[in-house]
file work31.tsv (TSV, C-alpha atoms)
chain	number	residue	atom	x	y	z
A	1	MET	CA	8.75	15.41	27.11
A	2	GLU	CA	5.64	13.21	27.32
A	3	GLN	CA	6.28	9.70	28.55
A	4	PRO	CA	5.25	6.44	26.88
A	5	ASN	CA	2.59	4.38	28.61
A	6	LEU	CA	0.68	1.13	28.24
A	7	SER	CA	-2.86	2.57	28.42
A	8	TYR	CA	-3.80	1.59	24.88
A	9	ILE	CA	-2.38	-1.92	25.22
A	10	GLU	CA	-4.14	-2.45	28.56
A	11	ASN	CA	-7.43	-1.13	27.20
A	12	MET	CA	-7.49	-3.28	24.11
A	13	SER	CA	-6.19	-6.42	25.85
A	14	GLY	CA	-9.33	-6.59	28.01
A	15	GLY	CA	-7.13	-7.58	30.97
A	16	ASP	CA	-5.40	-10.39	29.11
A	17	LYS	CA	-1.94	-10.14	30.70
A	18	VAL	CA	-0.50	-12.88	28.52
A	19	PHE	CA	-1.43	-10.93	25.42
A	20	GLU	CA	-0.09	-7.69	26.88
A	21	GLN	CA	3.30	-9.32	27.46
A	22	LYS	CA	3.23	-10.92	24.02
A	23	LEU	CA	2.59	-7.54	22.39
A	24	ILE	CA	5.32	-5.85	24.42
A	25	ASP	CA	7.74	-8.59	23.38
A	26	ILE	CA	6.82	-8.09	19.72
A	27	ILE	CA	7.32	-4.33	20.02
A	28	LYS	CA	10.67	-4.90	21.76
A	29	ILE	CA	11.82	-6.95	18.78
A	30	GLU	CA	10.23	-4.92	16.00
A	31	PHE	CA	10.95	-1.40	17.19
A	32	PRO	CA	14.80	-1.66	17.17
A	33	GLU	CA	14.65	-3.30	13.73
A	34	GLU	CA	12.48	-0.52	12.32
A	35	LYS	CA	14.68	2.09	13.97
A	36	LYS	CA	17.80	0.58	12.42
A	37	VAL	CA	16.26	0.58	8.93
A	38	TYR	CA	15.18	4.18	9.49
A	39	TYR	CA	18.72	5.32	10.38
A	40	ASN	CA	20.22	3.38	7.46
A	41	ASN	CA	17.82	4.90	4.94
A	42	LEU	CA	18.28	8.36	6.40
A	43	ALA	CA	22.08	8.04	6.19
A	44	ALA	CA	21.71	6.96	2.56
A	45	LYS	CA	19.47	10.00	1.96
A	46	LYS	CA	16.68	7.72	0.73
A	47	HIS	CA	13.94	10.08	1.80
A	48	LYS	CA	11.02	8.15	0.34
A	49	GLU	CA	12.08	4.95	2.08
A	50	THR	CA	12.80	6.88	5.29
A	51	ALA	CA	9.27	8.31	5.15
A	52	GLU	CA	7.95	4.76	4.94
A	53	ASN	CA	10.00	3.81	8.00
A	54	VAL	CA	8.61	6.79	9.91
A	55	HIS	CA	5.13	5.75	8.82
A	56	LYS	CA	5.62	2.35	10.37
A	57	LEU	CA	7.26	3.72	13.52
A	58	LYS	CA	4.43	6.17	14.09
A	59	HIS	CA	2.05	3.28	14.77
A	60	LYS	CA	4.29	2.21	17.66
A	61	ILE	CA	4.39	5.83	18.85
A	62	SER	CA	0.59	5.90	18.98
A	63	ILE	CA	0.35	2.48	20.64
A	64	LEU	CA	2.60	3.77	23.42
A	65	GLY	CA	0.24	6.70	24.01
A	66	LEU	CA	2.58	9.42	22.74
A	67	GLU	CA	0.01	11.78	21.27
A	68	LYS	CA	2.19	14.87	20.77
A	69	SER	CA	5.05	12.76	19.47
A	70	TYR	CA	2.65	11.18	17.00
A	71	THR	CA	1.86	14.63	15.60
A	72	VAL	CA	5.59	15.25	15.16
A	73	ALA	CA	5.99	11.90	13.38
A	74	VAL	CA	3.12	12.71	11.00
A	75	ALA	CA	4.72	16.07	10.14
A	76	TYR	CA	8.17	14.52	9.79
A	77	GLU	CA	6.83	11.88	7.41
A	78	GLU	CA	5.38	14.67	5.26
A	79	ASN	CA	8.72	16.48	5.52
A	80	LEU	CA	10.59	13.48	4.19
A	81	ILE	CA	8.16	12.96	1.34
A	82	GLU	CA	9.00	16.53	0.31
A	83	GLY	CA	12.72	15.74	0.65
A	84	LYS	CA	13.18	17.75	3.85
A	85	THR	CA	14.52	16.64	7.24
A	86	GLU	CA	13.60	19.64	9.40
A	87	LEU	CA	12.02	17.58	12.19
A	88	LYS	CA	14.79	14.99	12.28
A	89	ASN	CA	16.15	15.86	15.73
A	90	GLU	CA	12.72	16.09	17.30
A	91	PHE	CA	11.73	12.73	15.83
A	92	GLU	CA	14.95	11.04	16.88
A	93	ALA	CA	14.45	12.30	20.45
A	94	ILE	CA	11.11	10.45	20.38
A	95	LEU	CA	12.87	7.28	19.24
A	96	GLN	CA	15.33	7.63	22.10
A	97	ASN	CA	12.49	8.19	24.54
A	98	ILE	CA	10.79	4.97	23.40
A	99	THR	CA	14.07	3.01	23.41
A	100	LYS	CA	14.68	4.03	27.02
A	101	TYR	CA	11.12	3.10	27.99
A	102	LEU	CA	11.21	-0.32	26.31
A	103	ASP	CA	14.55	-1.10	27.95
A	104	GLN	CA	13.04	-0.78	31.39
A	105	LEU	CA	9.90	-2.82	30.65
B	106	MET	CA	-16.65	-15.31	9.23
B	107	ASN	CA	-13.35	-16.75	8.14
B	108	CYS	CA	-10.80	-13.98	7.88
B	109	ILE	CA	-7.15	-13.28	7.20
B	110	ILE	CA	-4.91	-10.42	8.30
B	111	ILE	CA	-2.44	-8.76	5.93
B	112	ASP	CA	-0.03	-6.29	7.49
B	113	ASP	CA	3.73	-5.93	7.20
B	114	GLU	CA	3.94	-4.96	10.88
B	115	ALA	CA	3.94	-7.84	13.40
B	116	THR	CA	2.62	-5.50	16.11
B	117	ALA	CA	-0.41	-4.60	14.01
B	118	ARG	CA	-1.10	-8.24	13.16
B	119	ALA	CA	-0.99	-9.15	16.86
B	120	ILE	CA	-3.39	-6.34	17.78
B	121	ILE	CA	-5.89	-7.20	15.06
B	122	GLY	CA	-5.61	-10.88	15.97
B	123	GLN	CA	-6.37	-10.05	19.59
B	124	LEU	CA	-9.34	-7.89	18.62
B	125	CYS	CA	-10.65	-10.73	16.45
B	126	SER	CA	-10.35	-13.16	19.35
B	127	THR	CA	-12.94	-11.15	21.26
B	128	VAL	CA	-15.57	-11.77	18.57
B	129	SER	CA	-16.87	-15.35	18.57
B	130	SER	CA	-18.11	-15.16	14.99
B	131	LEU	CA	-14.62	-14.38	13.67
B	132	ASN	CA	-12.17	-17.10	12.80
B	133	VAL	CA	-8.66	-15.95	11.85
B	134	LEU	CA	-7.34	-18.47	9.35
B	135	GLU	CA	-3.96	-16.91	8.60
B	136	GLU	CA	-1.81	-13.80	8.96
B	137	PHE	CA	0.48	-12.51	6.24
B	138	PRO	CA	3.33	-9.96	6.39
B	139	ASN	CA	2.83	-9.06	2.72
B	140	ALA	CA	0.17	-9.10	0.05
B	141	ILE	CA	1.98	-11.44	-2.32
B	142	GLN	CA	1.87	-14.32	0.19
B	143	ALA	CA	-1.81	-13.61	0.78
B	144	ILE	CA	-2.56	-13.76	-2.94
B	145	LYS	CA	-1.02	-17.23	-3.12
B	146	TYR	CA	-3.13	-18.30	-0.14
B	147	LEU	CA	-6.32	-16.87	-1.60
B	148	ASN	CA	-5.72	-18.79	-4.76
B	149	GLN	CA	-6.47	-21.98	-2.87
B	150	ASN	CA	-8.60	-20.90	0.08
B	151	GLN	CA	-11.88	-19.13	0.67
B	152	VAL	CA	-12.23	-16.28	3.10
B	153	ASP	CA	-15.14	-14.01	4.03
B	154	LEU	CA	-13.21	-11.02	5.31
B	155	ILE	CA	-9.74	-9.54	4.96
B	156	PHE	CA	-8.13	-7.05	7.33
B	157	LEU	CA	-5.83	-5.23	4.98
B	158	ASP	CA	-3.10	-2.70	5.66
B	159	ILE	CA	-2.78	-0.10	2.90
B	160	HIS	CA	0.76	1.07	3.46
B	161	MET	CA	3.02	-1.85	2.66
B	162	PRO	CA	6.30	-1.72	0.72
B	163	ASP	CA	6.29	-2.70	-2.98
B	164	PHE	CA	2.71	-3.94	-3.05
B	165	THR	CA	0.17	-1.72	-1.32
B	166	GLY	CA	-3.26	-2.69	-0.06
B	167	PHE	CA	-4.85	-1.02	-3.08
B	168	ASP	CA	-2.48	-2.91	-5.43
B	169	PHE	CA	-3.65	-6.07	-3.70
B	170	ILE	CA	-7.34	-5.29	-4.22
B	171	ASP	CA	-6.69	-4.40	-7.85
B	172	THR	CA	-4.91	-7.70	-8.36
B	173	ILE	CA	-7.41	-10.14	-6.95
B	174	LYS	CA	-10.56	-10.97	-8.83
B	175	LYS	CA	-13.84	-11.10	-6.91
B	176	PRO	CA	-12.44	-9.80	-3.62
B	177	PRO	CA	-14.28	-10.75	-0.43
B	178	LYS	CA	-15.26	-8.10	2.12
B	179	ILE	CA	-12.30	-6.00	3.16
B	180	ILE	CA	-11.69	-3.84	6.21
B	181	LEU	CA	-8.80	-1.48	5.64
B	182	THR	CA	-6.47	-0.87	8.55
B	183	THR	CA	-4.13	2.08	8.25
B	184	SER	CA	-2.37	4.90	10.05
B	185	ASP	CA	-3.33	7.22	7.21
B	186	PRO	CA	-6.81	8.78	7.18
B	187	LYS	CA	-5.99	10.37	3.81
B	188	PHE	CA	-6.81	7.21	1.82
B	189	ALA	CA	-10.44	7.17	2.96
B	190	ILE	CA	-11.75	8.81	-0.20
B	191	GLN	CA	-9.90	6.37	-2.42
B	192	ALA	CA	-11.36	3.52	-0.37
B	193	PHE	CA	-14.88	4.55	-1.41
B	194	GLU	CA	-14.02	3.56	-4.98
B	195	TYR	CA	-14.06	-0.11	-4.00
B	196	ASN	CA	-17.35	-1.89	-3.35
B	197	CYS	CA	-15.59	-4.64	-1.43
B	198	ILE	CA	-14.29	-2.26	1.25
B	199	VAL	CA	-16.75	-2.28	4.12
B	200	ASP	CA	-14.86	-0.16	6.63
B	201	TYR	CA	-11.74	1.88	7.19
B	202	LEU	CA	-10.05	1.60	10.57
B	203	VAL	CA	-7.39	4.11	11.55
B	204	LYS	CA	-4.60	2.78	13.77
B	205	PRO	CA	-4.33	2.53	16.69
B	206	ILE	CA	-7.62	0.64	16.48
B	207	SER	CA	-9.87	0.82	19.51
B	208	GLN	CA	-12.05	-2.13	20.44
B	209	GLU	CA	-15.24	-0.07	20.05
B	210	ARG	CA	-14.32	1.01	16.54
B	211	PHE	CA	-13.24	-2.51	15.63
B	212	LEU	CA	-16.58	-3.96	16.73
B	213	LYS	CA	-18.42	-1.35	14.68
B	214	GLY	CA	-16.44	-2.45	11.62
B	215	ILE	CA	-17.31	-6.08	12.24
B	216	GLN	CA	-20.99	-5.20	12.58
B	217	LYS	CA	-20.81	-3.43	9.22
B	218	ALA	CA	-19.13	-6.43	7.63
B	219	GLN	CA	-21.76	-8.76	9.06
B	220	SER	CA	-24.68	-6.60	8.04
B	221	LEU	CA	-23.56	-6.14	4.45
B	222	SER	CA	-24.09	-8.95	2.07
B	223	SER	CA	-20.94	-10.20	0.44
B	224	PRO	CA	-20.23	-8.22	-2.73
B	225	THR	CA	-19.07	-11.36	-4.47
B	226	SER	CA	-18.51	-15.03	-3.99
B	227	THR	CA	-15.90	-15.83	-1.38
B	228	GLN	CA	-13.74	-17.56	-3.97
B	229	THR	CA	-10.82	-15.32	-4.77
B	230	VAL	CA	-8.67	-16.05	-7.76
B	231	THR	CA	-5.46	-14.42	-8.74
B	232	SER	CA	-5.08	-13.36	-12.29
B	233	THR	CA	-2.47	-15.26	-14.21
B	234	GLU	CA	-1.07	-12.10	-15.65
B	235	GLU	CA	-0.71	-8.93	-13.67
B	236	VAL	CA	1.54	-6.06	-12.80
B	237	GLU	CA	3.31	-7.07	-9.60
B	238	ALA	CA	5.66	-4.34	-8.50
B	239	SER	CA	7.99	-1.66	-9.67
B	240	SER	CA	11.21	0.00	-8.65
B	241	ASP	CA	12.78	3.14	-10.08
B	242	ASN	CA	13.66	1.77	-13.50
B	243	ASP	CA	12.09	-1.64	-13.53
B	244	LEU	CA	8.58	-2.93	-13.66
B	245	TYR	CA	7.77	-6.52	-12.85
B	246	ILE	CA	4.88	-8.19	-14.57
B	247	ASN	CA	3.51	-11.57	-13.62
B	248	ILE	CA	3.02	-13.83	-16.59
B	249	ASP	CA	2.17	-17.45	-15.93
B	250	ARG	CA	3.53	-17.17	-12.37
B	251	ARG	CA	6.85	-15.81	-13.60
B	252	LEU	CA	7.85	-12.29	-12.66
B	253	ILE	CA	9.32	-10.70	-15.76
B	254	LYS	CA	11.41	-7.59	-15.43
B	255	ILE	CA	10.67	-4.83	-17.89
B	256	ASP	CA	13.04	-1.94	-18.34
B	257	ILE	CA	10.71	1.07	-17.97
B	258	PRO	CA	12.49	3.34	-20.51
B	259	SER	CA	12.08	0.59	-23.12
B	260	ILE	CA	8.27	0.83	-22.91
B	261	TYR	CA	7.03	3.04	-25.70
B	262	MET	CA	3.29	2.68	-25.25
B	263	VAL	CA	0.61	1.04	-23.14
B	264	GLU	CA	-2.86	0.34	-24.43
B	265	ALA	CA	-5.95	-0.55	-22.39
B	266	ARG	CA	-7.77	-3.60	-23.74
B	267	GLY	CA	-10.74	-4.43	-21.56
B	268	ASP	CA	-9.49	-6.08	-18.39
B	269	TYR	CA	-5.98	-6.15	-19.80
B	270	ILE	CA	-3.29	-3.77	-20.88
B	271	GLN	CA	-0.82	-4.26	-23.66
B	272	LEU	CA	2.71	-3.07	-23.00
B	273	LYS	CA	4.83	-2.46	-26.07
B	274	THR	CA	8.57	-2.34	-25.57
B	275	GLU	CA	11.55	-2.06	-27.90
B	276	ASP	CA	11.93	-5.84	-27.90
B	277	LYS	CA	8.60	-7.42	-27.17
B	278	ASN	CA	4.91	-6.87	-26.45
B	279	TYR	CA	3.23	-8.11	-23.28
B	280	THR	CA	-0.44	-8.53	-22.41
B	281	VAL	CA	-1.02	-8.15	-18.69
B	282	HIS	CA	-4.13	-8.34	-16.54
B	283	SER	CA	-4.14	-4.83	-15.10
B	284	THR	CA	-5.55	-1.38	-15.62
B	285	LEU	CA	-4.20	1.71	-17.31
B	286	LYS	CA	-4.71	3.63	-14.08
B	287	LYS	CA	-2.58	1.21	-12.16
B	288	ILE	CA	0.32	1.19	-14.58
B	289	GLU	CA	0.12	4.97	-14.92
B	290	GLU	CA	0.94	5.19	-11.20
B	291	LYS	CA	4.01	2.99	-11.73
B	292	LEU	CA	5.47	4.91	-14.66
B	293	PRO	CA	7.48	8.14	-14.26
B	294	ASN	CA	5.15	10.97	-15.20
B	295	ASP	CA	7.91	13.13	-16.67
B	296	VAL	CA	8.37	10.59	-19.46
B	297	PHE	CA	4.99	8.91	-19.78
B	298	LEU	CA	1.78	10.69	-20.57
B	299	LYS	CA	-1.80	9.53	-20.91
B	300	VAL	CA	-2.86	10.97	-24.25
B	301	HIS	CA	-6.15	9.16	-24.54
B	302	ARG	CA	-8.35	7.22	-22.14
B	303	SER	CA	-6.92	4.01	-23.62
B	304	PHE	CA	-3.32	5.01	-24.28
B	305	ILE	CA	-0.22	6.01	-22.36
B	306	ILE	CA	2.83	6.90	-24.41
B	307	ASN	CA	6.53	7.41	-23.78
B	308	ILE	CA	6.96	10.96	-25.06
B	309	LYS	CA	10.64	10.36	-25.74
B	310	LYS	CA	9.69	7.82	-28.41
B	311	ILE	CA	7.42	10.07	-30.47
B	312	VAL	CA	8.31	10.13	-34.17
B	313	ASP	CA	5.83	12.78	-35.23
B	314	ILE	CA	2.53	14.39	-34.32
B	315	GLU	CA	-0.25	15.07	-36.70
B	316	ASP	CA	-3.52	16.72	-35.77
B	317	ASN	CA	-5.00	14.46	-33.13
B	318	SER	CA	-2.59	11.56	-33.30
B	319	VAL	CA	1.02	10.72	-32.59
B	320	LEU	CA	3.25	8.27	-34.40
B	321	ILE	CA	5.36	6.05	-32.17
B	322	LYS	CA	7.35	3.34	-33.95
B	323	LYS	CA	4.73	2.16	-36.42
B	324	ASP	CA	1.77	2.79	-34.14
B	325	VAL	CA	-0.55	5.70	-34.65
B	326	ILE	CA	-2.00	6.68	-31.28
B	327	PRO	CA	-5.05	8.91	-30.91
B	328	VAL	CA	-4.70	12.01	-28.78
B	329	SER	CA	-7.87	13.18	-27.12
B	330	ARG	CA	-8.73	16.88	-27.24
B	331	SER	CA	-8.50	17.23	-23.46
B	332	ASN	CA	-5.02	15.68	-23.31
B	333	ARG	CA	-3.55	17.52	-26.29
B	334	PRO	CA	-2.62	20.73	-24.42
B	335	GLU	CA	-0.58	18.77	-21.88
B	336	LEU	CA	1.18	16.87	-24.66
B	337	MET	CA	2.02	20.11	-26.47
B	338	LYS	CA	3.32	21.58	-23.24
B	339	ARG	CA	5.75	18.68	-22.83
B	340	LEU	CA	7.26	19.09	-26.29
B	341	ASN	CA	10.40	21.06	-26.97
B	342	LEU	CA	8.82	23.19	-29.67
B	343	LEU	CA	10.91	25.41	-31.87

call {"tool": "encode", "arguments": {"input": "work31.tsv", "output": "structure tokens"}}
result
Amino acid sequence: MEQPNLSYIENMSGGDKVFEQKLIDIIKIEFPEEKKVYYNNLAAKKHKETAENVHKLKHKISILGLEKSYTVAVAYEENLIEGKTELKNEFEAILQNITKYLDQL
Amino acid sequence: MNCIIIDDEATARAIIGQLCSTVSSLNVLEEFPNAIQAIKYLNQNQVDLIFLDIHMPDFTGFDFIDTIKKPPKIILTTSDPKFAIQAFEYNCIVDYLVKPISQERFLKGIQKAQSLSSPTSTQTVTSTEEVEASSDNDLYINIDRRLIKIDIPSIYMVEARGDYIQLKTEDKNYTVHSTLKKIEEKLPNDVFLKVHRSFIINIKKIVDIEDNSVLIKKDVIPVSRSNRPELMKRLNLL
């Protein structure tokens, strides 16, 4: 599986290390919250709301340089809008991957 | 240029804020996690440019643009390239940035904003009456700064009246600053049907149909020729 990285954050920060850390801190707070809402909505079978959660999470996926995972997230969001959950396991593996990465930052 | 950032995601607001800090001519006045807070701010403050997320819960970026009068220049920021065509419908939108936003693309957007003359005055005023949000069975309309809940099934018709729409319900009628197109998006399309460019009806409330009109309560509503086949299709004809 592809691994998250900080390339995008480092590129757009222009070398501003304080900003880089600030953004990482924000992601570390926001990502678990979004993930929790995603799991809650999925458990409640609220597919439309779950699609919205995936939509928001996919921005974090792209920020962390996960290009293939981003494609999965886009397809999964479409899935959910159609009331399907076919890519659920694949998407949740991405969430786990990011969780693990953020924990060691 | 004085600007504000509207995005429900703190990460996105931080990134756009950082990108703005690299451009000396940009001055970020405020950041908002939702459009409603921004509307209140714009009621009392002038801005030249808004960075606006499209995909926000309850009140989308497009809802926001439809709500404010005389919008300043707007740069849309979104993870969804699919809204680009819709964005062209708004003169105030100067660029469309797909997340994650690169610095190069951001600067290009700023150049566009700077090169285009402002479509309107920078003063932005909220309407006193507007459609605010909807859930499955409820629709909230803003009348004199009060959000009034309307039970959607109780609406029997909506009529376009210039810059306003009139909502007729079982109990009361409401005049709201909004468009027929906007309310059409909020109403369930299995029950509500646009039968004329100025009218949406609740097909469950039809009393009778005659030639090119329908009777709902005591209102006779015209049915345009192009919409009649769809209306007939929806009826349980014997």

call {"tool": "interface_residues", "arguments": {"input": "work31.tsv", "of": "chain A", "to": "chain B", "cutoff": "7 Å", "atoms": "all atoms listed in the file", "output": "mmCIF file with C-alpha atoms, in the coordinates of the input"}}
result
data_model
loop_
_atom_site.group_PDB
_atom_site.id
_atom_site.type_symbol
_atom_site.label_atom_id
_atom_site.label_comp_id
_atom_site.auth_asym_id
_atom_site.auth_seq_id
_atom_site.Cartn_x
_atom_site.Cartn_y
_atom_site.Cartn_z
ATOM 1 C CA MET A 12 -7.490 -3.280 24.110
ATOM 2 C CA LEU A 23 2.590 -7.540 22.390
ATOM 3 C CA ILE A 26 6.820 -8.090 19.720
ATOM 4 C CA ILE A 27 7.320 -4.330 20.020
ATOM 5 C CA HIS A 59 2.050 3.280 14.770
ATOM 6 C CA SER A 62 0.590 5.900 18.980
ATOM 7 C CA ILE A 63 0.350 2.480 20.640
#

call {"tool": "residues_around", "arguments": {"input": "work31.tsv", "residues": "Glu2 in chain A", "least_positions_apart": "3", "cutoff": "10 Å", "atoms": "all atoms listed in the file", "output": "list in words"}}
result
Asn5, Gly65, Leu66, Glu67, Lys68, Ser69, Ile94 and Asn97 of chain A

call {"tool": "write_last_selection", "arguments": {"input": "work31.tsv", "atoms": "C-alpha atoms", "output": "short mmCIF file (atom, residue, chain, number, x, y, z; two decimals), in the frame of the given file"}}
result
data_model
loop_
_atom_site.label_atom_id
_atom_site.label_comp_id
_atom_site.auth_asym_id
_atom_site.auth_seq_id
_atom_site.Cartn_x
_atom_site.Cartn_y
_atom_site.Cartn_z
CA ASN A 5 2.59 4.38 28.61
CA GLY A 65 0.24 6.70 24.01
CA LEU A 66 2.58 9.42 22.74
CA GLU A 67 0.01 11.78 21.27
CA LYS A 68 2.19 14.87 20.77
CA SER A 69 5.05 12.76 19.47
CA ILE A 94 11.11 10.45 20.38
CA ASN A 97 12.49 8.19 24.54
#

call {"tool": "residues_around", "arguments": {"input": "work31.tsv", "residues": "Phe164 in chain B", "least_positions_apart": "4", "cutoff": "12 Å", "atoms": "all atoms listed in the file", "output": "list in words"}}
result
Ile111, Asp112, Asp113, Pro138, Asn139, Ala140, Ile141, Gln142, Ala143, Ile144, Leu157, Asp158, Ile159, His160, Asp168, Phe169, Ile170, Asp171, Thr172, Val236, Glu237, Ala238, Ser239, Ser240, Tyr245, Lys287 and Lys291 of chain B

call {"tool": "atom_distance", "arguments": {"input": "work31.tsv", "atom1": "CA of Ile61 in chain A", "atom2": "CA of Lys28 in chain A"}}
result
12.8 Å

call {"tool": "atom_distance", "arguments": {"input": "work31.tsv", "atom1": "CA of Asp16 in chain A", "atom2": "CA of Ser126 in chain B"}}
result
11.3 Å

call {"tool": "closest_residue", "arguments": {"input": "work31.tsv", "among": "B:Leu343, B:Gly122, B:Leu320, B:Asp268", "to": "Phe19 in chain A", "atoms": "all atoms listed in the file"}}
result
B:Gly122

call {"tool": "atom_distance", "arguments": {"input": "work31.tsv", "atom1": "CA of Ser7 in chain A", "atom2": "CA of Lys35 in chain A"}}
result
22.7 Å

call {"tool": "residues_near_point", "arguments": {"input": "work31.tsv", "point": "(12.2, 20.0, -33.0)", "cutoff": "12 Å", "atoms": "all atoms listed in the file", "output": "PyMOL selection string"}}
result
chain B and resi 311-314+340-343

call {"tool": "residues_around", "arguments": {"input": "work31.tsv", "residues": "Asn53 in chain A", "least_positions_apart": "5", "cutoff": "8 Å", "atoms": "all atoms listed in the file", "output": "JSON, numbers by chain"}}
result
{"A": [34, 35, 37, 38]}

call {"tool": "closest_residue", "arguments": {"input": "work31.tsv", "among": "A:Glu86, A:Gln96, A:Phe91, A:Leu80", "to": "Lys46 in chain A", "atoms": "all atoms listed in the file"}}
result
A:Leu80

call {"tool": "residues_around", "arguments": {"input": "work31.tsv", "residues": "Glu275 in chain B", "least_positions_apart": "5", "cutoff": "10 Å", "atoms": "only C-alpha atoms", "output": "NGL selection string"}}
result
:B and (256 or 258-262 or 322)
